[in-house]
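Here's the structure, in structure tokens; my notes come after.
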Amino acid sequence: MKTYLVGGAVRDKLLGRPVHEKDWVVVGSSPEEMITLGFTPVGKAFPVFLHPKTKEEYALARTERKTGPGYHGFTFHTAKDVTLKDDLARRDLTINALAEDENGQVIDYYGGLDDLKQKRLRHITPAFSEDPVRVLRVARFAARYAELGFTVAPETLELMYQMGLQKELSYLVAERVWAEWEKALTEATPSVFFKVLQQAKVLEFIFPSIETMLTETVLKKLDAVSATEKDSTLRFAVFIHHLLSEKTFTADLDHLIKSYKIPNHYYDTALGLHQALPYYLKTDFDDVATLLNFYEALDAHRRYTRAVMLLKACTLVVDNAQLERLQKAFQYLHDLKLTIPSELQGPAIAAHLHLQRLAALQQRFDSHLL
């Protein structure tokens, strides 16, 4: 029984990047032996175990065989005679097929070290085409490492293109597309995710509803907001603002959310930004009534955290010299203690609260505290 550190941990270690998690391959063992040693089985499709102390994942060396369409169409084989080389052969890219033994020696069967040196993302064997998710993974890795100068090998782009022609990409399900898209949104240059799909001529198979909208200008806007904002929800909202047409924004956003089963908080922030921008863009907030109307339009008295996020999203679209004053005003209004006479009901309550906020805010302005 031998264990090897594999995949991303080896790759990022060699690139001098932080290693966030470690994956291990175990050669020459069995499920029974792993359990005897105290490992906890967690894998469903193939044997994966958690280390009794570190809780890191240890997978038995395996081979795969394509038995059906899509990324579910595989059977896995694990046995003591499956070698490390056999296991690594089924990975997507050469730079992800590197291993490190217990002495720190790097094992490279498929040219991953040279591809790291040449800053090249290249598939290992034609078996790459058997899993459509790998097309998205290549695009995501390209977005991650573009800042280091990495590009996708021409032969890999060609294989991705052939996968589109052969309908393999039609087996991608919404959840998997979104999972890779969301991860790409966290990278330094998320536009590269879409650019690689464009280069491989597969964008129409994966994002047919927005393919023609993904102009160079829109992609530059995405990278620009990503340079200053790390939150993927805000990146998505600003990206969608630049991507979709003003006339059909709500319908297009609804379609996009349903098509890729995008979580509600992404939808809420993107739609909220769209609704808040008209207030934000058309006023300089020189009077308290305008500022209060903006606060209430964002429903900030009930959803303050969301309102603050939307205010920040607005500034990511168009900078505003009064941002600090707006933030102070929002905080003041949020902390304000209001009273509601017991005899008031329905709309009268909202009107009463509005007048209280307006008077308090005016006093704050007159005292030059805002």
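Just so we're on the same page: first chain in the structure tokens is A, next is B, and so on; residues restart at 1 for each chain, and ligands are numbered from 1 in the order they show up.
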All helix (DSSP H, G or I) residues (DSSP, backbone) inside range 125-311 of chain A, as a PyMOL selection string: chain A and resi 126-130+133-148+154-165+168-171+174-185+191-199+203-206+211-213+216-226+232-243+249-260+264-281+288-297+304-311
Distance query Leu172 in chain A at most 7 Å, only C-alpha atoms, self and fewer than 3 positions along chain excluded, as a ChimeraX atom specification: /A:70,132-133,169,176-177
Those in range 117-355 of chain A with strand (DSSP E or B) from DSSP, as number ranges by chain: A: 120-121, 123, 151-152
Atomic distance CA of Glu158 in chain A - CA of Phe193 in chain A, expressed in Å with one decimal: 16.4 Å
Residue nearest Lys328 in chain A - candidates A:Lys13, A:Arg364, A:His51, A:Arg122, atoms counted: only C-alpha atoms: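 Distance minimum relative to Lys328 in chain A lands on A:Arg364.
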Two-atom distance - CA of Tyr145 in chain A, CA of Ala9 in chain A (Å):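 CA of Tyr145 in chain A sits 14.7 Å away from CA of Ala9 in chain A.
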Residue with smallest distance to Glu229 in chain A - pool A:Arg134, A:Asn103, A:Ala313, A:Val27, counting only C-alpha atoms: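 When distances to Glu229 in chain A are compared using only C-alpha atoms, the smallest one comes from A:Ala313.
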Nearby residues (only C-alpha atoms) at most 10 Å from Pro47 in chain A, same-chain spacing under 2 positions excluded, as a ChimeraX atom specification: /A:30-31,34,41-45,49,58-62,76-78
Could the residues in this selection be saved with C-alpha atoms as a PDB file, in the first residue's frame?
ATOM      1  CA  SER A  30      -8.739  -2.360  -0.643  1.00  0.00           C
ATOM      2  CA  PRO A  31     -11.858  -0.914   0.987  1.00  0.00           C
ATOM      3  CA  MET A  34      -8.802   1.194   4.549  1.00  0.00           C
ATOM      4  CA  PRO A  41     -15.817   5.551   3.598  1.00  0.00           C
ATOM      5  CA  VAL A  42     -17.680   8.442   1.946  1.00  0.00           C
ATOM      6  CA  GLY A  43     -17.582   7.753  -1.798  1.00  0.00           C
ATOM      7  CA  LYS A  44     -20.661   6.550  -3.662  1.00  0.00           C
ATOM      8  CA  ALA A  45     -19.471   6.092  -7.245  1.00  0.00           C
ATOM      9  CA  PHE A  49     -12.208   7.600   2.406  1.00  0.00           C
ATOM     10  CA  TYR A  58      -7.999   9.316   0.097  1.00  0.00           C
ATOM     11  CA  ALA A  59      -9.272   7.542  -3.030  1.00  0.00           C
ATOM     12  CA  LEU A  60      -8.310   4.056  -4.111  1.00  0.00           C
ATOM     13  CA  ALA A  61      -6.540   4.028  -7.470  1.00  0.00           C
ATOM     14  CA  ARG A  62      -9.139   3.404 -10.165  1.00  0.00           C
ATOM     15  CA  PHE A  76     -15.239   2.463 -12.130  1.00  0.00           C
ATOM     16  CA  HIS A  77     -12.829  -0.330 -11.382  1.00  0.00           C
ATOM     17  CA  THR A  78     -10.645  -0.461  -8.285  1.00  0.00           C
TER      18      THR A  78
END
Extract, using only C-alpha atoms, all DNA, RNA and protein residues at most 9 Å from Gly111 in chain A, discarding same-chain residues fewer than 6 positions from it, and format them as an mmCIF file with N, CA and C atoms, in the first residue's frame.
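Dumped to part.cif:
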data_model
loop_
_atom_site.group_PDB
_atom_site.id
_atom_site.type_symbol
_atom_site.label_atom_id
_atom_site.label_comp_id
_atom_site.auth_asym_id
_atom_site.auth_seq_id
_atom_site.Cartn_x
_atom_site.Cartn_y
_atom_site.Cartn_z
ATOM 1 N N THR A 94 -3.015 17.511 -18.215
ATOM 2 C CA THR A 94 -1.696 16.999 -17.802
ATOM 3 C C THR A 94 -1.228 17.638 -16.507
ATOM 4 N N ILE A 95 -1.532 18.919 -16.308
ATOM 5 C CA ILE A 95 -1.059 19.598 -15.094
ATOM 6 C C ILE A 95 -1.831 19.137 -13.862
ATOM 7 N N ALA A 97 -2.499 15.867 -13.568
ATOM 8 C CA ALA A 97 -2.156 14.443 -13.479
ATOM 9 C C ALA A 97 -0.767 14.246 -12.881
ATOM 10 N N LEU A 98 -0.332 15.214 -12.112
ATOM 11 C CA LEU A 98 0.948 15.107 -11.416
ATOM 12 C C LEU A 98 0.726 14.483 -10.034
ATOM 13 N N ILE A 124 -4.954 14.942 -21.680
ATOM 14 C CA ILE A 124 -4.014 13.821 -21.616
ATOM 15 C C ILE A 124 -4.236 12.846 -22.769
#
Shell of 12 Å around Lys261 in chain A, only C-alpha atoms, local chain residues under 3 positions omitted, as a PyMOL selection string: chain A and resi 173-179+181-182+253-258+264-267
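Closest approach to Asp319 in chain A from the set A:Leu281, A:Ala350, A:Leu165, A:Val106 is made by A:Leu281, with distances taken over only C-alpha atoms.
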Two-atom distance - CA of Lys220 in chain A, CA of Leu157 in chain A (Å): 22.3 Å
From A:Val10, A:Ala297, A:Val48, A:Ala321, residue lying nearest Ile107 in chain A [only C-alpha atoms]: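 Of the candidates, the smallest distance to Ile107 in chain A is held by A:Val10.
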Long-range neighbours of Asp92 in chain A as a PyMOL selection string, 12 Å cut-off, only C-alpha atoms, 6 positions minimum in chain: chain A and resi 7-8+98+110+112+121-138+141+156+160
Could those residues be written to a file, using C-alpha atoms, as a PDB file, in the first residue's frame?
ATOM      1  CA  GLY A   7      -3.856  16.767  -8.637  1.00  0.00           C
ATOM      2  CA  GLY A   8      -4.356  20.382  -7.700  1.00  0.00           C
ATOM      3  CA  LEU A  98       0.948  15.107 -11.416  1.00  0.00           C
ATOM      4  CA  TYR A 110       2.031  12.642 -19.140  1.00  0.00           C
ATOM      5  CA  GLY A 112       2.500  17.920 -16.946  1.00  0.00           C
ATOM      6  CA  LEU A 121      -3.535  23.593 -20.574  1.00  0.00           C
ATOM      7  CA  ARG A 122      -3.557  20.308 -22.492  1.00  0.00           C
ATOM      8  CA  HIS A 123      -5.684  17.171 -22.291  1.00  0.00           C
ATOM      9  CA  ILE A 124      -4.014  13.821 -21.616  1.00  0.00           C
ATOM     10  CA  THR A 125      -5.775  11.389 -23.945  1.00  0.00           C
ATOM     11  CA  PRO A 126      -8.833  11.386 -26.251  1.00  0.00           C
ATOM     12  CA  ALA A 127     -10.761  10.001 -23.245  1.00  0.00           C
ATOM     13  CA  PHE A 128     -11.094  13.678 -22.266  1.00  0.00           C
ATOM     14  CA  SER A 129     -14.030  13.856 -24.698  1.00  0.00           C
ATOM     15  CA  GLU A 130     -16.026  11.302 -22.734  1.00  0.00           C
ATOM     16  CA  ASP A 131     -16.917  13.788 -19.980  1.00  0.00           C
ATOM     17  CA  PRO A 132     -18.629  17.024 -21.140  1.00  0.00           C
ATOM     18  CA  VAL A 133     -17.980  18.783 -17.815  1.00  0.00           C
ATOM     19  CA  ARG A 134     -14.291  18.855 -18.732  1.00  0.00           C
ATOM     20  CA  VAL A 135     -14.990  21.494 -21.369  1.00  0.00           C
ATOM     21  CA  LEU A 136     -16.202  23.808 -18.616  1.00  0.00           C
ATOM     22  CA  ARG A 137     -13.332  22.843 -16.325  1.00  0.00           C
ATOM     23  CA  VAL A 138     -10.755  23.752 -18.963  1.00  0.00           C
ATOM     24  CA  PHE A 141      -8.781  26.712 -15.247  1.00  0.00           C
ATOM     25  CA  THR A 156      -7.480  20.653 -26.743  1.00  0.00           C
ATOM     26  CA  MET A 160     -13.647  20.603 -27.257  1.00  0.00           C
TER      27      MET A 160
END
Shell of 10 Å around Ala300 in chain A, only C-alpha atoms, local chain residues under 4 positions omitted, as a PyMOL selection string: chain A and resi 292+294-296+304-308+310+330-331+333-334
The selected residues should be written to file as a tab-separated table (two decimals), in the first residue's frame (atoms: C-alpha atoms).
chain	number	residue	atom	x	y	z
A	292	LEU	CA	-35.03	58.91	1.87
A	294	PHE	CA	-33.86	55.91	-2.36
A	295	TYR	CA	-33.55	54.27	1.07
A	296	GLU	CA	-37.20	53.23	1.03
A	304	TYR	CA	-30.85	46.56	5.40
A	305	THR	CA	-28.00	44.17	4.56
A	306	ARG	CA	-29.38	43.71	1.06
A	307	ALA	CA	-29.80	47.47	0.63
A	308	VAL	CA	-26.18	48.12	1.59
A	310	LEU	CA	-27.18	47.05	-3.64
A	330	PHE	CA	-28.37	54.57	5.46
A	331	GLN	CA	-26.73	53.57	8.73
A	333	LEU	CA	-31.82	55.62	9.19
A	334	HIS	CA	-31.35	51.97	10.00
